[in-house]
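Quick look at work-v4.pdb (PDB, C-alpha atoms, pLDDT in the B column):
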```pdb
MODEL        1
ATOM      1  CA  MET A   1      16.527 -29.315   3.393  1.00 47.00           C
ATOM      2  CA  ALA A   2      14.638 -26.069   4.039  1.00 47.00           C
ATOM      3  CA  THR A   3      17.837 -24.056   3.589  1.00 51.00           C
ATOM      4  CA  SER A   4      18.648 -25.670   0.269  1.00 50.00           C
ATOM      5  CA  PHE A   5      15.088 -25.081  -0.946  1.00 45.00           C
ATOM      6  CA  THR A   6      15.288 -21.426   0.090  1.00 49.00           C
ATOM      7  CA  ASN A   7      18.615 -20.967  -1.674  1.00 51.00           C
ATOM      8  CA  PHE A   8      17.250 -22.679  -4.772  1.00 45.00           C
ATOM      9  CA  SER A   9      14.161 -20.464  -4.810  1.00 54.00           C
ATOM     10  CA  TYR A  10      16.231 -17.321  -4.288  1.00 49.00           C
ATOM     11  CA  GLU A  11      18.704 -18.270  -7.015  1.00 61.00           C
ATOM     12  CA  ARG A  12      15.890 -19.084  -9.407  1.00 58.00           C
ATOM     13  CA  PHE A  13      14.164 -15.786  -8.597  1.00 53.00           C
ATOM     14  CA  MET A  14      17.338 -13.787  -9.243  1.00 55.00           C
ATOM     15  CA  ARG A  15      18.032 -15.718 -12.434  1.00 59.00           C
ATOM     16  CA  ASN A  16      14.516 -15.071 -13.752  1.00 57.00           C
ATOM     17  CA  MET A  17      14.778 -11.406 -12.807  1.00 56.00           C
ATOM     18  CA  GLY A  18      18.054 -11.114 -14.681  1.00 53.00           C
ATOM     19  CA  GLN A  19      16.483 -12.668 -17.754  1.00 61.00           C
ATOM     20  CA  ASN A  20      13.331 -10.539 -17.676  1.00 67.00           C
ATOM     21  CA  LEU A  21      14.713  -7.138 -16.701  1.00 80.00           C
ATOM     22  CA  GLU A  22      17.332  -4.845 -18.116  1.00 85.00           C
ATOM     23  CA  PRO A  23      20.029  -3.696 -15.653  1.00 88.00           C
ATOM     24  CA  SER A  24      18.717  -0.126 -15.714  1.00 91.00           C
ATOM     25  CA  VAL A  25      15.205  -1.285 -14.786  1.00 93.00           C
ATOM     26  CA  ARG A  26      16.537  -3.426 -11.934  1.00 92.00           C
ATOM     27  CA  TYR A  27      18.535  -0.459 -10.622  1.00 94.00           C
ATOM     28  CA  HIS A  28      15.520   1.845 -10.857  1.00 95.00           C
ATOM     29  CA  LEU A  29      13.295  -0.635  -9.029  1.00 95.00           C
ATOM     30  CA  SER A  30      15.893  -0.960  -6.273  1.00 95.00           C
ATOM     31  CA  LYS A  31      15.754   2.825  -5.773  1.00 96.00           C
ATOM     32  CA  VAL A  32      11.951   2.804  -5.808  1.00 97.00           C
ATOM     33  CA  TYR A  33      11.768   0.054  -3.193  1.00 97.00           C
ATOM     34  CA  ALA A  34      14.390   1.788  -1.067  1.00 97.00           C
ATOM     35  CA  CYS A  35      12.324   5.003  -1.096  1.00 97.00           C
ATOM     36  CA  LEU A  36       9.173   2.987  -0.364  1.00 97.00           C
ATOM     37  CA  THR A  37      10.821   1.285   2.608  1.00 97.00           C
ATOM     38  CA  ALA A  38      11.982   4.627   4.007  1.00 97.00           C
ATOM     39  CA  THR A  39       8.477   6.081   3.566  1.00 97.00           C
ATOM     40  CA  CYS A  40       6.883   3.127   5.374  1.00 97.00           C
ATOM     41  CA  ALA A  41       9.407   3.584   8.192  1.00 97.00           C
ATOM     42  CA  ALA A  42       8.448   7.276   8.378  1.00 97.00           C
ATOM     43  CA  ALA A  43       4.774   6.246   8.547  1.00 97.00           C
ATOM     44  CA  THR A  44       5.587   3.941  11.458  1.00 96.00           C
ATOM     45  CA  ILE A  45       7.320   6.785  13.291  1.00 96.00           C
ATOM     46  CA  GLY A  46       4.357   9.055  12.616  1.00 96.00           C
ATOM     47  CA  SER A  47       1.971   6.491  14.095  1.00 96.00           C
ATOM     48  CA  LEU A  48       4.153   6.071  17.180  1.00 95.00           C
ATOM     49  CA  ILE A  49       4.155   9.832  17.736  1.00 95.00           C
ATOM     50  CA  HIS A  50       0.376   9.683  18.152  1.00 94.00           C
ATOM     51  CA  LEU A  51       0.306   6.424  20.107  1.00 92.00           C
ATOM     52  CA  GLN A  52       2.931   7.687  22.557  1.00 92.00           C
ATOM     53  CA  GLY A  53       0.915  10.854  23.138  1.00 89.00           C
ATOM     54  CA  ILE A  54       3.700  13.140  21.874  1.00 91.00           C
ATOM     55  CA  TYR A  55       1.402  14.871  19.396  1.00 90.00           C
ATOM     56  CA  GLU A  56      -2.112  13.553  18.843  1.00 88.00           C
ATOM     57  CA  ALA A  57      -3.531  13.236  15.348  1.00 85.00           C
ATOM     58  CA  GLY A  58      -6.414  15.391  14.177  1.00 84.00           C
ATOM     59  CA  LEU A  59      -7.860  17.095  11.133  1.00 83.00           C
ATOM     60  CA  PHE A  60      -4.587  18.942  10.578  1.00 86.00           C
ATOM     61  CA  SER A  61      -2.691  15.659  10.263  1.00 85.00           C
ATOM     62  CA  ALA A  62      -5.178  14.419   7.664  1.00 86.00           C
ATOM     63  CA  LEU A  63      -4.945  17.576   5.542  1.00 91.00           C
ATOM     64  CA  ILE A  64      -1.159  17.934   5.472  1.00 94.00           C
ATOM     65  CA  PRO A  65      -0.636  14.828   3.264  1.00 94.00           C
ATOM     66  CA  LEU A  66      -2.833  16.405   0.593  1.00 93.00           C
ATOM     67  CA  GLY A  67      -0.587  19.462   0.531  1.00 94.00           C
ATOM     68  CA  LEU A  68       2.529  17.275   0.396  1.00 95.00           C
ATOM     69  CA  VAL A  69       1.135  15.304  -2.552  1.00 95.00           C
ATOM     70  CA  LEU A  70       0.444  18.561  -4.375  1.00 94.00           C
ATOM     71  CA  GLY A  71       3.961  19.690  -3.531  1.00 94.00           C
ATOM     72  CA  LEU A  72       5.411  16.566  -5.135  1.00 94.00           C
ATOM     73  CA  VAL A  73       3.146  16.853  -8.176  1.00 91.00           C
ATOM     74  CA  PHE A  74       4.007  20.515  -8.797  1.00 93.00           C
ATOM     75  CA  THR A  75       7.715  19.969  -8.129  1.00 92.00           C
ATOM     76  CA  PRO A  76       8.671  17.603 -10.945  1.00 88.00           C
ATOM     77  CA  ASP A  77      11.936  15.734 -10.936  1.00 90.00           C
ATOM     78  CA  ASN A  78      14.681  17.734 -12.655  1.00 87.00           C
ATOM     79  CA  GLY A  79      17.625  15.615 -11.583  1.00 81.00           C
ATOM     80  CA  LYS A  80      18.779  18.176  -9.007  1.00 88.00           C
ATOM     81  CA  ASN A  81      15.960  18.270  -6.459  1.00 92.00           C
ATOM     82  CA  PHE A  82      16.057  14.644  -5.315  1.00 93.00           C
ATOM     83  CA  ASN A  83      16.800  15.457  -1.654  1.00 94.00           C
ATOM     84  CA  MET A  84      13.992  18.001  -1.427  1.00 95.00           C
ATOM     85  CA  ARG A  85      11.462  15.657  -3.021  1.00 96.00           C
ATOM     86  CA  LEU A  86      12.635  12.772  -0.837  1.00 96.00           C
ATOM     87  CA  GLY A  87      12.027  14.992   2.190  1.00 96.00           C
ATOM     88  CA  LEU A  88       8.498  15.693   0.950  1.00 96.00           C
ATOM     89  CA  LEU A  89       7.907  11.971   0.433  1.00 97.00           C
ATOM     90  CA  LEU A  90       9.141  11.081   3.923  1.00 97.00           C
ATOM     91  CA  ALA A  91       6.993  13.852   5.406  1.00 97.00           C
ATOM     92  CA  LEU A  92       4.035  12.449   3.465  1.00 97.00           C
ATOM     93  CA  GLY A  93       4.701   9.044   4.992  1.00 97.00           C
ATOM     94  CA  ALA A  94       5.088  10.461   8.493  1.00 96.00           C
ATOM     95  CA  PHE A  95       1.848  12.474   8.426  1.00 96.00           C
ATOM     96  CA  THR A  96      -0.066   9.640   6.748  1.00 96.00           C
ATOM     97  CA  GLY A  97       1.032   7.316   9.538  1.00 96.00           C
ATOM     98  CA  HIS A  98       0.268   9.998  12.122  1.00 95.00           C
ATOM     99  CA  SER A  99      -3.263  10.431  10.807  1.00 94.00           C
ATOM    100  CA  MET A 100      -3.747   6.640  11.074  1.00 94.00           C
ATOM    101  CA  GLY A 101      -2.775   6.774  14.737  1.00 93.00           C
ATOM    102  CA  ILE A 102      -6.408   7.195  15.816  1.00 92.00           C
ATOM    103  CA  MET A 103      -7.452   4.015  14.004  1.00 94.00           C
ATOM    104  CA  LEU A 104      -4.471   2.107  15.383  1.00 95.00           C
ATOM    105  CA  GLU A 105      -5.313   3.261  18.899  1.00 93.00           C
ATOM    106  CA  GLN A 106      -8.852   1.921  18.558  1.00 93.00           C
ATOM    107  CA  VAL A 107      -7.605  -1.382  17.135  1.00 95.00           C
ATOM    108  CA  MET A 108      -5.094  -1.763  19.983  1.00 93.00           C
ATOM    109  CA  PHE A 109      -7.913  -1.340  22.469  1.00 92.00           C
ATOM    110  CA  ILE A 110      -9.719  -4.307  20.883  1.00 92.00           C
ATOM    111  CA  ASN A 111      -6.702  -6.561  20.229  1.00 93.00           C
ATOM    112  CA  PRO A 112      -3.116  -5.379  19.537  1.00 93.00           C
ATOM    113  CA  ALA A 113      -2.389  -8.622  17.664  1.00 95.00           C
ATOM    114  CA  ILE A 114      -4.624  -7.373  14.842  1.00 96.00           C
ATOM    115  CA  ILE A 115      -2.012  -4.768  13.890  1.00 96.00           C
ATOM    116  CA  VAL A 116       0.730  -7.395  13.661  1.00 96.00           C
ATOM    117  CA  THR A 117      -1.494  -9.662  11.566  1.00 97.00           C
ATOM    118  CA  ALA A 118      -2.392  -6.778   9.241  1.00 97.00           C
ATOM    119  CA  LEU A 119       1.280  -5.843   8.860  1.00 96.00           C
ATOM    120  CA  VAL A 120       2.274  -9.414   8.025  1.00 97.00           C
ATOM    121  CA  GLY A 121      -0.652  -9.728   5.615  1.00 97.00           C
ATOM    122  CA  THR A 122       0.171  -6.453   3.879  1.00 97.00           C
ATOM    123  CA  THR A 123       3.847  -7.361   3.559  1.00 96.00           C
ATOM    124  CA  THR A 124       3.006 -10.801   2.171  1.00 97.00           C
ATOM    125  CA  ILE A 125       0.508  -9.446  -0.353  1.00 97.00           C
ATOM    126  CA  PHE A 126       2.860  -6.716  -1.535  1.00 97.00           C
ATOM    127  CA  THR A 127       5.904  -8.995  -1.795  1.00 96.00           C
ATOM    128  CA  CYS A 128       4.096 -11.745  -3.702  1.00 96.00           C
ATOM    129  CA  LEU A 129       2.298  -9.416  -6.108  1.00 96.00           C
ATOM    130  CA  SER A 130       5.383  -7.279  -6.727  1.00 96.00           C
ATOM    131  CA  ALA A 131       7.417 -10.400  -7.519  1.00 94.00           C
ATOM    132  CA  SER A 132       4.660 -11.583  -9.850  1.00 94.00           C
ATOM    133  CA  ALA A 133       4.622  -8.243 -11.680  1.00 95.00           C
ATOM    134  CA  VAL A 134       8.412  -8.134 -11.989  1.00 93.00           C
ATOM    135  CA  LEU A 135       8.759 -11.698 -13.260  1.00 90.00           C
ATOM    136  CA  ALA A 136       5.698 -11.686 -15.524  1.00 91.00           C
ATOM    137  CA  LYS A 137       5.780 -11.064 -19.247  1.00 90.00           C
ATOM    138  CA  ARG A 138       6.344  -7.405 -20.094  1.00 89.00           C
ATOM    139  CA  GLY A 139       3.126  -5.392 -19.890  1.00 90.00           C
ATOM    140  CA  SER A 140       0.978  -8.429 -19.113  1.00 93.00           C
ATOM    141  CA  TYR A 141      -0.823  -6.665 -16.243  1.00 95.00           C
ATOM    142  CA  LEU A 142      -1.231  -3.238 -17.807  1.00 95.00           C
ATOM    143  CA  PHE A 143      -4.690  -4.179 -19.086  1.00 94.00           C
ATOM    144  CA  LEU A 144      -5.842  -4.063 -15.459  1.00 95.00           C
ATOM    145  CA  GLY A 145      -5.600  -0.262 -15.406  1.00 94.00           C
ATOM    146  CA  GLY A 146      -8.965   0.442 -17.011  1.00 94.00           C
ATOM    147  CA  ILE A 147     -10.725  -2.246 -14.975  1.00 94.00           C
ATOM    148  CA  LEU A 148      -9.240  -1.082 -11.664  1.00 96.00           C
ATOM    149  CA  PHE A 149      -9.954   2.620 -12.200  1.00 94.00           C
ATOM    150  CA  SER A 150     -13.525   1.874 -13.359  1.00 95.00           C
ATOM    151  CA  THR A 151     -14.129  -0.350 -10.326  1.00 94.00           C
ATOM    152  CA  LEU A 152     -12.680   2.296  -8.018  1.00 93.00           C
ATOM    153  CA  SER A 153     -14.998   4.945  -9.495  1.00 92.00           C
ATOM    154  CA  ALA A 154     -18.026   2.650  -9.162  1.00 92.00           C
ATOM    155  CA  MET A 155     -17.102   1.899  -5.540  1.00 90.00           C
ATOM    156  CA  ALA A 156     -16.866   5.615  -4.770  1.00 89.00           C
ATOM    157  CA  LEU A 157     -20.380   6.192  -6.153  1.00 90.00           C
ATOM    158  CA  ILE A 158     -21.773   3.172  -4.296  1.00 89.00           C
ATOM    159  CA  SER A 159     -20.169   4.336  -1.047  1.00 86.00           C
ATOM    160  CA  LEU A 160     -21.708   7.793  -1.462  1.00 86.00           C
ATOM    161  CA  GLY A 161     -25.098   6.244  -2.105  1.00 84.00           C
ATOM    162  CA  ASN A 162     -24.714   3.987   0.896  1.00 82.00           C
ATOM    163  CA  LEU A 163     -24.432   7.036   3.149  1.00 80.00           C
ATOM    164  CA  LEU A 164     -28.209   7.297   2.704  1.00 82.00           C
ATOM    165  CA  PHE A 165     -29.168   3.609   2.852  1.00 78.00           C
ATOM    166  CA  ARG A 166     -26.502   2.478   5.362  1.00 80.00           C
ATOM    167  CA  SER A 167     -26.500  -1.108   4.148  1.00 82.00           C
ATOM    168  CA  TYR A 168     -24.109  -3.367   6.098  1.00 81.00           C
ATOM    169  CA  PHE A 169     -23.905  -5.776   3.142  1.00 85.00           C
ATOM    170  CA  VAL A 170     -22.884  -3.001   0.735  1.00 84.00           C
ATOM    171  CA  GLN A 171     -20.319  -1.728   3.221  1.00 85.00           C
ATOM    172  CA  GLU A 172     -18.767  -5.191   3.571  1.00 88.00           C
ATOM    173  CA  LEU A 173     -18.850  -5.761  -0.178  1.00 89.00           C
ATOM    174  CA  THR A 174     -17.042  -2.515  -0.980  1.00 91.00           C
ATOM    175  CA  LEU A 175     -14.484  -3.280   1.731  1.00 92.00           C
ATOM    176  CA  TYR A 176     -13.495  -6.653   0.252  1.00 94.00           C
ATOM    177  CA  ILE A 177     -13.696  -5.447  -3.339  1.00 94.00           C
ATOM    178  CA  GLY A 178     -11.529  -2.494  -2.342  1.00 94.00           C
ATOM    179  CA  LEU A 179      -8.914  -4.891  -0.941  1.00 96.00           C
ATOM    180  CA  ALA A 180      -8.903  -6.832  -4.213  1.00 96.00           C
ATOM    181  CA  VAL A 181      -8.693  -3.637  -6.273  1.00 96.00           C
ATOM    182  CA  MET A 182      -5.768  -2.212  -4.308  1.00 96.00           C
ATOM    183  CA  SER A 183      -3.987  -5.559  -4.589  1.00 96.00           C
ATOM    184  CA  GLY A 184      -4.507  -5.364  -8.339  1.00 96.00           C
ATOM    185  CA  PHE A 185      -3.011  -1.879  -8.342  1.00 97.00           C
ATOM    186  CA  ILE A 186       0.260  -3.343  -7.039  1.00 97.00           C
ATOM    187  CA  LEU A 187       0.490  -5.473 -10.184  1.00 97.00           C
ATOM    188  CA  PHE A 188      -0.510  -2.583 -12.423  1.00 97.00           C
ATOM    189  CA  ASP A 189       1.602   0.113 -10.769  1.00 97.00           C
ATOM    190  CA  THR A 190       4.720  -2.071 -10.637  1.00 96.00           C
ATOM    191  CA  GLN A 191       4.600  -2.825 -14.353  1.00 96.00           C
ATOM    192  CA  MET A 192       3.646   0.780 -15.134  1.00 97.00           C
ATOM    193  CA  ILE A 193       6.700   1.981 -13.205  1.00 96.00           C
ATOM    194  CA  MET A 194       8.883  -0.321 -15.277  1.00 96.00           C
ATOM    195  CA  GLU A 195       7.363   0.924 -18.535  1.00 95.00           C
ATOM    196  CA  LYS A 196       7.664   4.574 -17.499  1.00 95.00           C
ATOM    197  CA  HIS A 197      11.341   4.026 -16.769  1.00 95.00           C
ATOM    198  CA  ARG A 198      11.843   2.401 -20.166  1.00 93.00           C
ATOM    199  CA  MET A 199      10.303   5.520 -21.702  1.00 93.00           C
ATOM    200  CA  GLY A 200      12.770   7.746 -19.856  1.00 91.00           C
ATOM    201  CA  SER A 201      11.178   8.484 -16.465  1.00 91.00           C
ATOM    202  CA  ASN A 202      13.629   8.145 -13.566  1.00 92.00           C
ATOM    203  CA  ASP A 203      11.341   9.693 -10.952  1.00 94.00           C
ATOM    204  CA  CYS A 204      11.737   7.067  -8.216  1.00 95.00           C
ATOM    205  CA  ILE A 205      10.080   9.423  -5.702  1.00 96.00           C
ATOM    206  CA  ALA A 206       6.763   9.602  -7.592  1.00 96.00           C
ATOM    207  CA  HIS A 207       6.901   5.879  -8.319  1.00 97.00           C
ATOM    208  CA  ALA A 208       7.491   5.079  -4.640  1.00 97.00           C
ATOM    209  CA  MET A 209       4.552   7.336  -3.721  1.00 97.00           C
ATOM    210  CA  ASP A 210       2.241   5.318  -6.001  1.00 96.00           C
ATOM    211  CA  LEU A 211       3.246   2.060  -4.325  1.00 97.00           C
ATOM    212  CA  PHE A 212       3.063   3.636  -0.855  1.00 97.00           C
ATOM    213  CA  TYR A 213      -0.605   4.465  -1.304  1.00 96.00           C
ATOM    214  CA  ASP A 214      -1.260   0.916  -2.501  1.00 97.00           C
ATOM    215  CA  VAL A 215       0.412  -0.448   0.643  1.00 97.00           C
ATOM    216  CA  ILE A 216      -1.399   1.938   3.002  1.00 97.00           C
ATOM    217  CA  SER A 217      -4.765   1.217   1.396  1.00 96.00           C
ATOM    218  CA  ILE A 218      -4.293  -2.535   1.776  1.00 97.00           C
ATOM    219  CA  PHE A 219      -3.094  -2.179   5.370  1.00 97.00           C
ATOM    220  CA  ARG A 220      -6.057   0.031   6.305  1.00 96.00           C
ATOM    221  CA  ARG A 221      -8.586  -2.390   4.802  1.00 96.00           C
ATOM    222  CA  LEU A 222      -6.986  -5.398   6.468  1.00 96.00           C
ATOM    223  CA  LEU A 223      -7.175  -3.576   9.792  1.00 96.00           C
ATOM    224  CA  ILE A 224     -10.895  -2.961   9.344  1.00 95.00           C
ATOM    225  CA  ILE A 225     -11.635  -6.514   8.186  1.00 95.00           C
ATOM    226  CA  LEU A 226      -9.686  -8.149  11.009  1.00 95.00           C
ATOM    227  CA  THR A 227     -11.167  -5.800  13.615  1.00 95.00           C
ATOM    228  CA  GLN A 228     -14.702  -6.559  12.475  1.00 92.00           C
ATOM    229  CA  LYS A 229     -14.004 -10.289  12.660  1.00 92.00           C
ATOM    230  CA  GLU A 230     -12.608  -9.902  16.176  1.00 92.00           C
ATOM    231  CA  GLN A 231     -15.674  -7.932  17.277  1.00 88.00           C
ATOM    232  CA  ASN A 232     -18.016 -10.541  15.747  1.00 86.00           C
ATOM    233  CA  ASN A 233     -16.163 -13.311  17.582  1.00 85.00           C
ATOM    234  CA  GLU A 234     -16.482 -11.404  20.847  1.00 83.00           C
ATOM    235  CA  ARG A 235     -20.235 -11.011  20.321  1.00 83.00           C
ATOM    236  CA  LYS A 236     -20.611 -14.734  19.654  1.00 81.00           C
ATOM    237  CA  LYS A 237     -18.693 -15.583  22.832  1.00 81.00           C
ATOM    238  CA  LYS A 238     -20.932 -13.315  24.901  1.00 79.00           C
ATOM    239  CA  ARG A 239     -24.070 -14.898  23.443  1.00 78.00           C
ATOM    240  CA  ASN A 240     -22.803 -18.388  24.213  1.00 70.00           C
TER     241      ASN A 240
ENDMDL
END
```

Represent the structure contained in this file as structure tokens.
Amino acid sequence: MATSFTNFSYERFMRNMGQNLEPSVRYHLSKVYACLTATCAAATIGSLIHLQGIYEAGLFSALIPLGLVLGLVFTPDNGKNFNMRLGLLLALGAFTGHSMGIMLEQVMFINPAIIVTALVGTTTIFTCLSASAVLAKRGSYLFLGGILFSTLSAMALISLGNLLFRSYFVQELTLYIGLAVMSGFILFDTQMIMEKHRMGSNDCIAHAMDLFYDVISIFRRLLIILTQKEQNNERKKKRN
């Protein structure tokens, strides 16, 4: 029964995708998701390099991704430099994961299961929202762009102001709002990628980079939220 339901759902999903998307868009998305998967794998390797003590993360690891992003921005796709730009993207993933190694190490000290839960949560959120964006009416989520960027700017200002007041409530609020905003960016970025391709952009590297930062931002926030809940539970147990 479960197998037949899964097959039915998969067949319906593929049928709806075929009806909603042109073949060229489907092919472009497959390349984008392939690059995204490879970048996430590189990020995993980068994290393991720190966790295994091969090369510990530091300020240098946090600054390198900025240079790699600039390298991708100032090296536009010309149809001939795909391998070089893919190398830059994978390096970006590796150093981003490496710089997160410190956070992962702290989380593992509290409860290693948090990382698994955050990974499953991130994967579920990304898969569901990406499928929603792909199967939705063309451009139906593009209106979110202005709202998301405005909210992100407001959150940045509030966070700067909170450095002075150090309000726990404001910190928690921006954390959960940030999770919602980055989830919204998956919907927006996915449909924007599709529209850019329809207008002639085949830069799957840049498009994968956009989605990679959405994924990393969600994963980082889930880690913080789950870690805080674990610490609160531990405090309650000690009090009781």

One-decimal distance in Å that lies between CA of Phe169 in chain A and CA of Met155 in chain A: 13.4 Å

Point-to-point distance from CA of Thr37 in chain A to CA of Leu223 in chain A, Å rounded to tenths: 20.0 Å

Between CA of Thr227 in chain A and CA of Val107 in chain A - distance in Å to one decimal: 6.7 Å

Can I get the residues of range 172-239 of chain A within 10 Å of range 110-113 of chain A, each with the closest pair of atoms and their distance in Å to one decimal, using only C-alpha atoms, sorted chain first then ascending number, as JSON lines?
```
{"residue": "A:Leu226", "atom": "CA", "partner": "A:Asn111", "partner_atom": "CA", "distance": 9.8}
{"residue": "A:Thr227", "atom": "CA", "partner": "A:Ile110", "partner_atom": "CA", "distance": 7.6}
{"residue": "A:Glu230", "atom": "CA", "partner": "A:Ile110", "partner_atom": "CA", "distance": 7.9}
{"residue": "A:Gln231", "atom": "CA", "partner": "A:Ile110", "partner_atom": "CA", "distance": 7.8}
{"residue": "A:Glu234", "atom": "CA", "partner": "A:Ile110", "partner_atom": "CA", "distance": 9.8}
```

Export C-alpha atoms of the chosen residues as a PDB file, keeping the file's coordinate frame?
```
ATOM      1  CA  LEU A 226      -9.686  -8.149  11.009  1.00 95.00           C
ATOM      2  CA  THR A 227     -11.167  -5.800  13.615  1.00 95.00           C
ATOM      3  CA  GLU A 230     -12.608  -9.902  16.176  1.00 92.00           C
ATOM      4  CA  GLN A 231     -15.674  -7.932  17.277  1.00 88.00           C
ATOM      5  CA  GLU A 234     -16.482 -11.404  20.847  1.00 83.00           C
TER       6      GLU A 234
END
```

Distance query Ala206 in chain A at most 9 Å, all atoms listed in the file, self and fewer than 4 positions along chain excluded, as a VMD selection string: chain A and resid 32 72 to 73 76 to 77 85 89 210 to 211

Near-Leu88 in chain A list (9 Å; all atoms listed in the file; drop same-chain fewer than 2 positions) as a VMD selection string: chain A and resid 68 to 69 71 to 72 83 to 86 90 to 93

Reference answer for the PyMOL selection byres ((chain A and resi 124-129) around 10), as number ranges by chain: A: 118-123, 130-135, 183-188, 190, 211, 214-215, 218-219

Hits of the PyMOL selection byres ((chain A and resi 23-31) around 9) in this structure, as a VMD selection string: chain A and resid 17 to 18 21 to 22 32 to 36 190 193 to 195 197 to 198 202 to 205 208

Answer key for the PyMOL selection byres ((chain A and resi 50) around 10), residues as a PyMOL selection string: chain A and resi 45-49+51-58+97-102+104-105
